[in-house]
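To start, the structure itself, in structure tokens.
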Amino acid sequence: MLSFEHQFATLPEPLWMACQPTPVNQPTLIVFNQRLAETLGMEVKPDDATLAQWFSGNQLPPGAESRALGYAGHQFGNFVPQLGDGRALLLGEVIDQHGIRRDVQLKGSGRTPFSRGGDGRSPLGPVLREYLVSEFMAAMGVPTTRALAAVSTGERVVRQLPEPGAVFTRVASSHLRVGTFQFAAVRRDEAALKALADHVIARHYPEAASADDPYLALLEAVVARQAALVARWMSLGFIHGVMNTDNCSIAGETIDYGPCAFMEQFDPQKVFSSIDQGKRYAFDNQPAIAQWNLARFAETLLPLMREEGDTVVEQATDAIRHFEYLFDVEQCRLHADKLGLAPESDQADPLMKALKSQMHQGRMDMTATFDALTHYASTSSELHKEALLALTTQPNELAAWLDQWQAAQLASQGSERLDAMRRANPVVIPRNHRIQEVIDAAYEGDFAPFHTLLAAVTQPFDESAEARRLAAPATENEQVLRTFCGT
Ligand code: AMP
Ligand code: MG
């Protein structure tokens, strides 16, 4: 049994509204994350029918109270003063086995006061995508919201075509976003803003409470978490796709897996999302966009900050500028890991820069490149070298790069370097065409491919034949070029 608490409900009401889920016809459990449930204190697993009732919203789990949260947000740079949970409901918070408070939220559970024109529902496809990608991120140790359950509804949701509906249950450190602060700020509701900021400090950044200016310390802490997060994304070729301020988590987790995808052939300007016409959220733009989002966060905190010597605007600006430094430090460490070099190696950055250019020019698959490089680093065998060179259209150039890399690697040898390299370079990632295959099969009622892919992406370093099959990059015919928000 989950033991729900409702601390967020002690905050003033514009930040949330009580709202009931809309029951669905025929809730059927697709998947339940028993291991995650155990970390949340659920010792005995209820039967599937009960889980389907609970996690469709047909009958809330004992102790749950459903609420829609308010938030605003900059969508593709344009400010929308009211967005909010239009198809999601917070069921409450659960203290996990580490003593950390986690939100449990239904997504796709029906209309709310924030639904605007939407139907409050989710098609099955995006639910399966979020399940797979968020659990992969968790397996890689990337901060992320988690997947607790997916339930099919037995109802159709109409998008371009009618699609089967589903409800997703998400677990997060919290669902508070930059947009939550914007929501309080745009209403000029300083009491709500302060209550929200104090809640966030107590919940996520308790060390900020004792700083000279807790709200400046809060800003600095969120900047640091986001810098570390986006550096992790970049190291895996992850493209979030819709980095609006309402999808930017205050706790520093990856949240809102809509049109997200992993890059295959390396291309700094890669975009998958069908709605990102201006390439605002292209792969290489992600750090600058995160920083831009954090500047919007800083603006909301100005009324709370204390003027001391420097103006609050100067202090906030310094905190935002610091993002670049924090991101570089984190990225440099990740580059060293991915290349199997010592953290202090001054070769990691130049070698990575050169390798990125090789991957781009040589049309190399990013994940396969680092996987092959890891094998070559482990064995130094000619066979593995050839496998690596076979990935590029410019083998002579790559061979020259390999010589430089090997010189740097010799200088920083050590088995712990190889371990770090293996942990940084997954074999299996949730590739777009595999996700699409899973969705197509599920739309025909076959969930076996979903379970197979889920097992593979949650053991991303597995070398089995099945893992290798799923790890293979898309062929020309299999490539998925566009992803959709799923809304
Ligand atoms: P997203 O693109 O999922 O981050 O959602 C952006 C905004 O649109 C949020 O306020 C969502 O709650 C809302 N929204 C997305 N899909 C729906 C839907 N089917 N029904 C109602 N609101 C939605
Ligand atoms: Mg969102």
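Letters for chains follow the order of the structure tokens (A, B, ...), residue numbers begin at 1 for each chain, and ligand numbers begin at 1 in the order shown.
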
TODO: Do a neighbour search on Pro126 (chain A) at 12 Å with only C-alpha atoms, toss out local chain neighbours closer than 6 positions, and write the hits as a ChimeraX atom specification.
DONE: /A:107-108,132-134,150,163-168,256-261,435-436,438-440,442-443,483-487

Find the residues of chain A that sit at most 9 Å from ligand 2; for each, write down the nearest two atoms and how far apart they are in Å, to one decimal. Count only C-alpha atoms and all ligand atoms. Sort by chain, then by number going up, and give it as JSON lines.
```
{"residue": "A:Leu83", "atom": "CA", "partner": "ligand 2", "partner_atom_place_in_ligand_line": "1 (Mg)", "distance": 8.9}
{"residue": "A:Gly84", "atom": "CA", "partner": "ligand 2", "partner_atom_place_in_ligand_line": "1 (Mg)", "distance": 8.5}
{"residue": "A:Asp85", "atom": "CA", "partner": "ligand 2", "partner_atom_place_in_ligand_line": "1 (Mg)", "distance": 8.2}
{"residue": "A:Val242", "atom": "CA", "partner": "ligand 2", "partner_atom_place_in_ligand_line": "1 (Mg)", "distance": 8.2}
{"residue": "A:Met243", "atom": "CA", "partner": "ligand 2", "partner_atom_place_in_ligand_line": "1 (Mg)", "distance": 8.9}
{"residue": "A:Asn244", "atom": "CA", "partner": "ligand 2", "partner_atom_place_in_ligand_line": "1 (Mg)", "distance": 7.8}
{"residue": "A:Thr245", "atom": "CA", "partner": "ligand 2", "partner_atom_place_in_ligand_line": "1 (Mg)", "distance": 8.8}
{"residue": "A:Asp246", "atom": "CA", "partner": "ligand 2", "partner_atom_place_in_ligand_line": "1 (Mg)", "distance": 5.7}
{"residue": "A:Asn247", "atom": "CA", "partner": "ligand 2", "partner_atom_place_in_ligand_line": "1 (Mg)", "distance": 4.8}
{"residue": "A:Cys248", "atom": "CA", "partner": "ligand 2", "partner_atom_place_in_ligand_line": "1 (Mg)", "distance": 8.5}
{"residue": "A:Ile255", "atom": "CA", "partner": "ligand 2", "partner_atom_place_in_ligand_line": "1 (Mg)", "distance": 7.7}
{"residue": "A:Asp256", "atom": "CA", "partner": "ligand 2", "partner_atom_place_in_ligand_line": "1 (Mg)", "distance": 5.2}
{"residue": "A:Tyr257", "atom": "CA", "partner": "ligand 2", "partner_atom_place_in_ligand_line": "1 (Mg)", "distance": 8.3}
{"residue": "A:Gly258", "atom": "CA", "partner": "ligand 2", "partner_atom_place_in_ligand_line": "1 (Mg)", "distance": 8.0}
```

task = Write out as an MDAnalysis selection string the residues lying within 10 Å of Thr50 (chain A), counting only C-alpha atoms and excluding same-chain residues fewer than 3 positions away.
result = chainID A and resid 27:29 45:47 53:56 58:61

CA of Tyr131 (chain A) to CA of Ala472 (chain A) measures 20.7 Å

Neighbour list for Arg35 (chain A) as JSON, numbers by chain, cut-off 12 Å, only C-alpha atoms, skip fewer than 2 positions in-chain: {"A": [31, 32, 33, 37, 38, 39, 40, 41, 42, 43, 44, 45, 97, 135, 146, 147, 148, 149, 458]}

With only C-alpha atoms as the atoms that count, which of A:Glu190, A:Glu382, A:Asp365, A:Glu253 lies nearest to Val142 (chain A)?
->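 Selected residue with least distance to Val142 (chain A): A:Glu253.
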
If you run DSSP on this backbone, which residues of region 82-313 of chain A come out as helix (DSSP H, G or I), and could you give them as a short mmCIF file (atom, residue, chain, number, x, y, z; two decimals) with N, CA, C and O atoms, in the first residue's frame?
```cif
data_model
loop_
_atom_site.label_atom_id
_atom_site.label_comp_id
_atom_site.auth_asym_id
_atom_site.auth_seq_id
_atom_site.Cartn_x
_atom_site.Cartn_y
_atom_site.Cartn_z
N LEU A 124 -2.17 5.85 -26.38
CA LEU A 124 -1.28 4.79 -25.90
C LEU A 124 0.18 5.00 -26.34
O LEU A 124 1.10 4.75 -25.56
N GLY A 125 0.37 5.47 -27.56
CA GLY A 125 1.73 5.59 -28.10
C GLY A 125 2.64 6.44 -27.21
O GLY A 125 3.70 5.96 -26.76
N PRO A 126 2.27 7.68 -26.94
CA PRO A 126 3.12 8.51 -26.08
C PRO A 126 3.30 7.95 -24.68
O PRO A 126 4.33 8.17 -24.04
N VAL A 127 2.31 7.20 -24.19
CA VAL A 127 2.44 6.58 -22.86
C VAL A 127 3.57 5.54 -22.89
O VAL A 127 4.43 5.50 -22.01
N LEU A 128 3.58 4.72 -23.93
CA LEU A 128 4.63 3.69 -24.02
C LEU A 128 5.99 4.34 -24.24
O LEU A 128 7.00 3.90 -23.68
N ARG A 129 6.02 5.38 -25.05
CA ARG A 129 7.28 6.10 -25.29
C ARG A 129 7.84 6.65 -23.98
O ARG A 129 9.01 6.47 -23.65
N GLU A 130 6.98 7.33 -23.21
CA GLU A 130 7.46 7.91 -21.94
C GLU A 130 7.92 6.82 -20.99
O GLU A 130 8.94 6.97 -20.30
N TYR A 131 7.19 5.71 -20.97
CA TYR A 131 7.57 4.61 -20.09
C TYR A 131 8.99 4.13 -20.43
O TYR A 131 9.87 4.02 -19.57
N LEU A 132 9.22 3.86 -21.70
CA LEU A 132 10.51 3.31 -22.13
C LEU A 132 11.65 4.29 -21.93
O LEU A 132 12.72 3.93 -21.41
N VAL A 133 11.43 5.54 -22.35
CA VAL A 133 12.56 6.47 -22.33
C VAL A 133 12.88 6.89 -20.89
O VAL A 133 14.05 6.97 -20.51
N SER A 134 11.85 7.12 -20.07
CA SER A 134 12.15 7.55 -18.70
C SER A 134 12.81 6.43 -17.91
O SER A 134 13.73 6.68 -17.13
N GLU A 135 12.40 5.19 -18.14
CA GLU A 135 13.05 4.09 -17.42
C GLU A 135 14.48 3.83 -17.92
O GLU A 135 15.34 3.43 -17.15
N PHE A 136 14.72 4.09 -19.19
CA PHE A 136 16.11 4.03 -19.69
C PHE A 136 16.96 5.09 -19.00
O PHE A 136 18.07 4.82 -18.53
N MET A 137 16.43 6.32 -18.94
CA MET A 137 17.19 7.41 -18.30
C MET A 137 17.53 7.02 -16.86
O MET A 137 18.65 7.24 -16.40
N ALA A 138 16.54 6.46 -16.16
CA ALA A 138 16.77 6.06 -14.77
C ALA A 138 17.88 4.99 -14.71
O ALA A 138 18.76 5.04 -13.85
N ALA A 139 17.84 4.04 -15.66
CA ALA A 139 18.86 2.98 -15.67
C ALA A 139 20.25 3.56 -15.93
O ALA A 139 21.25 3.01 -15.47
N VAL A 178 9.64 25.58 -13.71
CA VAL A 178 9.85 27.03 -13.83
C VAL A 178 8.48 27.67 -14.05
O VAL A 178 8.16 28.71 -13.45
N GLY A 179 7.63 27.02 -14.84
CA GLY A 179 6.30 27.55 -15.12
C GLY A 179 5.41 27.67 -13.87
O GLY A 179 4.49 28.50 -13.86
N THR A 180 5.66 26.87 -12.84
CA THR A 180 4.87 27.01 -11.61
C THR A 180 5.18 28.36 -10.96
O THR A 180 4.28 29.07 -10.48
N PHE A 181 6.46 28.72 -10.96
CA PHE A 181 6.85 30.03 -10.41
C PHE A 181 6.31 31.16 -11.29
O PHE A 181 5.87 32.19 -10.79
N GLN A 182 6.32 30.95 -12.58
CA GLN A 182 5.80 31.99 -13.49
C GLN A 182 4.31 32.20 -13.25
O GLN A 182 3.80 33.31 -13.36
N PHE A 183 3.62 31.12 -12.92
CA PHE A 183 2.17 31.18 -12.66
C PHE A 183 1.87 32.09 -11.47
O PHE A 183 0.99 32.95 -11.52
N ALA A 184 2.66 31.90 -10.38
CA ALA A 184 2.47 32.76 -9.20
C ALA A 184 2.92 34.18 -9.50
O ALA A 184 2.26 35.15 -9.11
N ALA A 185 4.03 34.31 -10.23
CA ALA A 185 4.59 35.64 -10.47
C ALA A 185 3.69 36.48 -11.36
O ALA A 185 3.47 37.66 -11.08
N VAL A 186 3.12 35.88 -12.39
CA VAL A 186 2.32 36.66 -13.33
C VAL A 186 1.02 37.15 -12.68
O VAL A 186 0.47 38.18 -13.05
N GLU A 190 2.32 37.58 -4.37
CA GLU A 190 3.61 37.40 -3.70
C GLU A 190 3.52 36.38 -2.56
O GLU A 190 4.49 35.67 -2.28
N ALA A 191 2.34 36.29 -1.93
CA ALA A 191 2.18 35.31 -0.85
C ALA A 191 2.31 33.89 -1.41
O ALA A 191 3.02 33.04 -0.84
N ALA A 192 1.65 33.65 -2.55
CA ALA A 192 1.74 32.31 -3.16
C ALA A 192 3.17 32.04 -3.64
O ALA A 192 3.69 30.93 -3.47
N LEU A 193 3.80 33.07 -4.19
CA LEU A 193 5.16 32.91 -4.69
C LEU A 193 6.12 32.54 -3.56
O LEU A 193 6.93 31.62 -3.68
N LYS A 194 5.97 33.27 -2.45
CA LYS A 194 6.87 33.01 -1.32
C LYS A 194 6.59 31.62 -0.72
O LYS A 194 7.52 30.88 -0.40
N ALA A 195 5.32 31.28 -0.61
CA ALA A 195 4.97 29.96 -0.07
C ALA A 195 5.55 28.86 -0.96
O ALA A 195 6.09 27.85 -0.48
N LEU A 196 5.47 29.07 -2.27
CA LEU A 196 6.00 28.09 -3.23
C LEU A 196 7.52 27.97 -3.10
O LEU A 196 8.07 26.86 -3.02
N ALA A 197 8.18 29.12 -3.05
CA ALA A 197 9.65 29.11 -2.94
C ALA A 197 10.08 28.45 -1.64
O ALA A 197 11.03 27.64 -1.62
N ASP A 198 9.39 28.76 -0.55
CA ASP A 198 9.78 28.16 0.75
C ASP A 198 9.53 26.64 0.73
O ASP A 198 10.31 25.88 1.27
N HIS A 199 8.45 26.24 0.09
CA HIS A 199 8.15 24.81 -0.05
C HIS A 199 9.27 24.11 -0.83
O HIS A 199 9.74 23.04 -0.44
N VAL A 200 9.68 24.73 -1.91
CA VAL A 200 10.71 24.13 -2.76
C VAL A 200 12.05 24.05 -2.03
O VAL A 200 12.77 23.04 -2.11
N ILE A 201 12.36 25.11 -1.28
CA ILE A 201 13.63 25.08 -0.52
C ILE A 201 13.58 23.94 0.50
O ILE A 201 14.51 23.13 0.59
N ALA A 202 12.49 23.86 1.25
CA ALA A 202 12.40 22.81 2.28
C ALA A 202 12.44 21.43 1.64
O ALA A 202 13.05 20.51 2.17
N ARG A 203 11.81 21.31 0.48
CA ARG A 203 11.67 19.98 -0.12
C ARG A 203 12.90 19.55 -0.91
O ARG A 203 13.33 18.41 -0.81
N HIS A 204 13.45 20.48 -1.70
CA HIS A 204 14.53 20.07 -2.62
C HIS A 204 15.91 20.63 -2.27
O HIS A 204 16.91 20.03 -2.63
N PRO A 206 17.23 22.08 0.99
CA PRO A 206 17.18 22.56 2.38
C PRO A 206 18.41 23.39 2.77
O PRO A 206 18.31 24.28 3.62
N GLU A 207 19.56 23.12 2.11
CA GLU A 207 20.77 23.88 2.46
C GLU A 207 20.62 25.36 2.12
O GLU A 207 21.28 26.21 2.72
N ALA A 208 19.73 25.69 1.19
CA ALA A 208 19.54 27.11 0.81
C ALA A 208 18.90 27.91 1.94
O ALA A 208 19.08 29.13 2.02
N ALA A 209 18.19 27.23 2.83
CA ALA A 209 17.44 27.93 3.89
C ALA A 209 18.37 28.73 4.78
O ALA A 209 18.00 29.80 5.27
N SER A 210 19.60 28.25 4.97
CA SER A 210 20.50 28.95 5.90
C SER A 210 21.44 29.92 5.17
O SER A 210 22.33 30.49 5.78
N PRO A 214 18.19 33.13 0.94
CA PRO A 214 17.75 31.79 0.55
C PRO A 214 17.24 31.73 -0.89
O PRO A 214 17.38 30.70 -1.55
N TYR A 215 16.66 32.81 -1.40
CA TYR A 215 16.07 32.75 -2.74
C TYR A 215 17.13 32.84 -3.81
O TYR A 215 17.01 32.20 -4.87
N LEU A 216 18.20 33.59 -3.52
CA LEU A 216 19.34 33.57 -4.45
C LEU A 216 20.00 32.19 -4.41
O LEU A 216 20.35 31.62 -5.45
N ALA A 217 20.11 31.63 -3.22
CA ALA A 217 20.71 30.29 -3.09
C ALA A 217 19.85 29.25 -3.81
O ALA A 217 20.37 28.31 -4.42
N LEU A 218 18.53 29.43 -3.76
CA LEU A 218 17.63 28.53 -4.48
C LEU A 218 17.91 28.61 -5.98
O LEU A 218 18.05 27.59 -6.67
N LEU A 219 18.02 29.85 -6.48
CA LEU A 219 18.30 30.03 -7.90
C LEU A 219 19.62 29.34 -8.27
O LEU A 219 19.68 28.58 -9.25
N GLU A 220 20.64 29.55 -7.46
CA GLU A 220 21.96 28.95 -7.77
C GLU A 220 21.88 27.43 -7.77
O GLU A 220 22.49 26.76 -8.61
N ALA A 221 21.11 26.89 -6.84
CA ALA A 221 21.01 25.42 -6.74
C ALA A 221 20.28 24.84 -7.95
O ALA A 221 20.67 23.80 -8.49
N VAL A 222 19.22 25.51 -8.39
CA VAL A 222 18.47 25.00 -9.55
C VAL A 222 19.34 25.11 -10.81
O VAL A 222 19.35 24.20 -11.65
N VAL A 223 20.08 26.20 -10.91
CA VAL A 223 21.00 26.37 -12.05
C VAL A 223 21.99 25.21 -12.09
O VAL A 223 22.22 24.60 -13.14
N ALA A 224 22.52 24.85 -10.94
CA ALA A 224 23.52 23.76 -10.89
C ALA A 224 22.89 22.44 -11.31
O ALA A 224 23.48 21.67 -12.08
N ARG A 225 21.68 22.16 -10.84
CA ARG A 225 21.05 20.87 -11.19
C ARG A 225 20.71 20.80 -12.67
O ARG A 225 20.87 19.77 -13.31
N GLN A 226 20.24 21.92 -13.22
CA GLN A 226 19.89 21.92 -14.65
C GLN A 226 21.14 21.80 -15.52
O GLN A 226 21.11 21.12 -16.55
N ALA A 227 22.22 22.46 -15.09
CA ALA A 227 23.47 22.37 -15.86
C ALA A 227 23.94 20.92 -15.90
O ALA A 227 24.33 20.40 -16.96
N ALA A 228 23.89 20.25 -14.75
CA ALA A 228 24.33 18.86 -14.69
C ALA A 228 23.41 17.97 -15.53
O ALA A 228 23.86 17.06 -16.22
N LEU A 229 22.11 18.26 -15.48
CA LEU A 229 21.14 17.44 -16.22
C LEU A 229 21.37 17.54 -17.73
O LEU A 229 21.46 16.53 -18.42
N VAL A 230 21.46 18.77 -18.22
CA VAL A 230 21.57 18.94 -19.68
C VAL A 230 22.91 18.38 -20.17
O VAL A 230 22.98 17.81 -21.27
N ALA A 231 23.93 18.45 -19.34
CA ALA A 231 25.22 17.84 -19.73
C ALA A 231 25.04 16.33 -19.91
O ALA A 231 25.59 15.73 -20.84
N ARG A 232 24.24 15.70 -19.04
CA ARG A 232 23.98 14.26 -19.20
C ARG A 232 23.23 13.98 -20.51
O ARG A 232 23.53 13.03 -21.22
N TRP A 233 22.22 14.81 -20.79
CA TRP A 233 21.47 14.63 -22.05
C TRP A 233 22.43 14.65 -23.24
O TRP A 233 22.37 13.80 -24.13
N MET A 234 23.30 15.67 -23.23
CA MET A 234 24.19 15.87 -24.38
C MET A 234 25.12 14.67 -24.54
O MET A 234 25.49 14.30 -25.65
N SER A 235 25.48 14.07 -23.42
CA SER A 235 26.43 12.95 -23.48
C SER A 235 25.79 11.70 -24.08
O SER A 235 26.48 10.77 -24.46
N LEU A 236 24.45 11.68 -24.13
CA LEU A 236 23.76 10.50 -24.66
C LEU A 236 23.07 10.78 -26.00
O LEU A 236 22.41 9.90 -26.54
N THR A 245 9.40 26.42 -20.71
CA THR A 245 9.67 26.61 -19.27
C THR A 245 8.72 25.76 -18.41
O THR A 245 9.04 25.44 -17.28
N ASP A 246 7.58 25.36 -18.97
CA ASP A 246 6.68 24.49 -18.21
C ASP A 246 7.15 23.05 -18.21
O ASP A 246 6.59 22.21 -17.49
N ASN A 247 8.17 22.73 -18.99
CA ASN A 247 8.73 21.38 -18.98
C ASN A 247 10.13 21.38 -18.38
O ASN A 247 10.92 20.47 -18.64
N PHE A 283 19.54 19.83 -31.00
CA PHE A 283 20.46 19.19 -30.05
C PHE A 283 21.43 20.18 -29.41
O PHE A 283 21.47 20.32 -28.19
N ASP A 284 22.19 20.90 -30.22
CA ASP A 284 23.24 21.76 -29.68
C ASP A 284 22.71 23.01 -28.99
O ASP A 284 23.46 23.68 -28.29
N ASN A 285 21.44 23.34 -29.20
CA ASN A 285 20.88 24.54 -28.56
C ASN A 285 20.46 24.27 -27.13
O ASN A 285 20.12 25.20 -26.40
N GLN A 286 20.46 23.00 -26.72
CA GLN A 286 19.82 22.67 -25.44
C GLN A 286 20.44 23.38 -24.22
O GLN A 286 19.69 23.88 -23.39
N PRO A 287 21.78 23.45 -24.12
CA PRO A 287 22.33 24.15 -22.96
C PRO A 287 21.89 25.62 -22.92
O PRO A 287 21.49 26.13 -21.86
N ALA A 288 21.94 26.30 -24.07
CA ALA A 288 21.57 27.73 -24.08
C ALA A 288 20.09 27.91 -23.77
O ALA A 288 19.70 28.88 -23.11
N ILE A 289 19.26 26.96 -24.21
CA ILE A 289 17.83 27.05 -23.92
C ILE A 289 17.57 26.81 -22.43
O ILE A 289 16.76 27.51 -21.81
N ALA A 290 18.28 25.87 -21.84
CA ALA A 290 18.13 25.64 -20.40
C ALA A 290 18.49 26.92 -19.65
O ALA A 290 17.80 27.32 -18.71
N GLN A 291 19.55 27.54 -20.09
CA GLN A 291 19.97 28.78 -19.43
C GLN A 291 18.92 29.88 -19.62
O GLN A 291 18.62 30.62 -18.68
N TRP A 292 18.35 29.95 -20.78
CA TRP A 292 17.29 30.93 -21.04
C TRP A 292 16.10 30.66 -20.11
O TRP A 292 15.54 31.56 -19.51
N ASN A 293 15.73 29.39 -19.98
CA ASN A 293 14.62 29.03 -19.09
C ASN A 293 14.93 29.44 -17.65
O ASN A 293 14.05 29.91 -16.92
N LEU A 294 16.18 29.25 -17.25
CA LEU A 294 16.56 29.59 -15.87
C LEU A 294 16.53 31.10 -15.66
O LEU A 294 16.24 31.57 -14.55
N ALA A 295 16.80 31.86 -16.72
CA ALA A 295 16.68 33.33 -16.60
C ALA A 295 15.23 33.71 -16.34
O ALA A 295 14.93 34.63 -15.57
N ARG A 296 14.30 32.97 -16.95
CA ARG A 296 12.87 33.23 -16.69
C ARG A 296 12.54 32.88 -15.23
O ARG A 296 11.75 33.54 -14.59
N PHE A 297 13.15 31.80 -14.74
CA PHE A 297 12.98 31.42 -13.33
C PHE A 297 13.50 32.55 -12.43
O PHE A 297 12.84 32.97 -11.48
N ALA A 298 14.70 33.05 -12.75
CA ALA A 298 15.31 34.12 -11.95
C ALA A 298 14.39 35.33 -11.87
O ALA A 298 14.21 35.92 -10.80
N GLU A 299 13.77 35.68 -12.99
CA GLU A 299 12.87 36.85 -13.00
C GLU A 299 11.75 36.69 -11.97
O GLU A 299 11.35 37.65 -11.33
N THR A 300 11.26 35.47 -11.83
CA THR A 300 10.14 35.28 -10.88
C THR A 300 10.61 35.46 -9.44
O THR A 300 9.80 35.79 -8.57
N LEU A 301 11.91 35.21 -9.19
CA LEU A 301 12.40 35.26 -7.80
C LEU A 301 12.80 36.67 -7.37
O LEU A 301 12.98 36.92 -6.17
N LEU A 302 12.95 37.58 -8.33
CA LEU A 302 13.46 38.93 -7.99
C LEU A 302 12.69 39.59 -6.84
O LEU A 302 13.31 40.14 -5.94
N PRO A 303 11.33 39.51 -6.84
CA PRO A 303 10.62 40.19 -5.75
C PRO A 303 10.93 39.62 -4.37
O PRO A 303 10.71 40.28 -3.36
N LEU A 304 11.44 38.39 -4.32
CA LEU A 304 11.74 37.76 -3.03
C LEU A 304 13.17 38.00 -2.58
O LEU A 304 13.50 37.87 -1.41
N VAL A 312 19.50 43.17 -7.03
CA VAL A 312 19.04 41.79 -7.20
C VAL A 312 19.20 41.33 -8.65
O VAL A 312 19.49 40.17 -8.91
N VAL A 313 19.03 42.27 -9.57
CA VAL A 313 19.17 41.89 -10.98
C VAL A 313 20.61 41.47 -11.27
O VAL A 313 20.86 40.46 -11.95
#
```

Between A:Gln315, A:Ser174, A:Gln7, A:Ser115, which one has atoms that come closest to ligand 1, using only C-alpha atoms and all ligand atoms?
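Of the candidates, the smallest distance to ligand 1 is held by A:Ser115.
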
So how many Å separate CA of Gln361 (chain A) and CA of Arg423 (chain A), to one decimal?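 For CA of Gln361 (chain A) relative to CA of Arg423 (chain A), the distance reads 26.4 Å.
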
Q.
Counting only C-alpha atoms, which residue out of A:Pro12, A:Gly309, A:Pro62, A:Gly237 sits closest to Gly92 (chain A)?
A.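 For Gly92 (chain A), the nearest of the given residues is A:Pro62.
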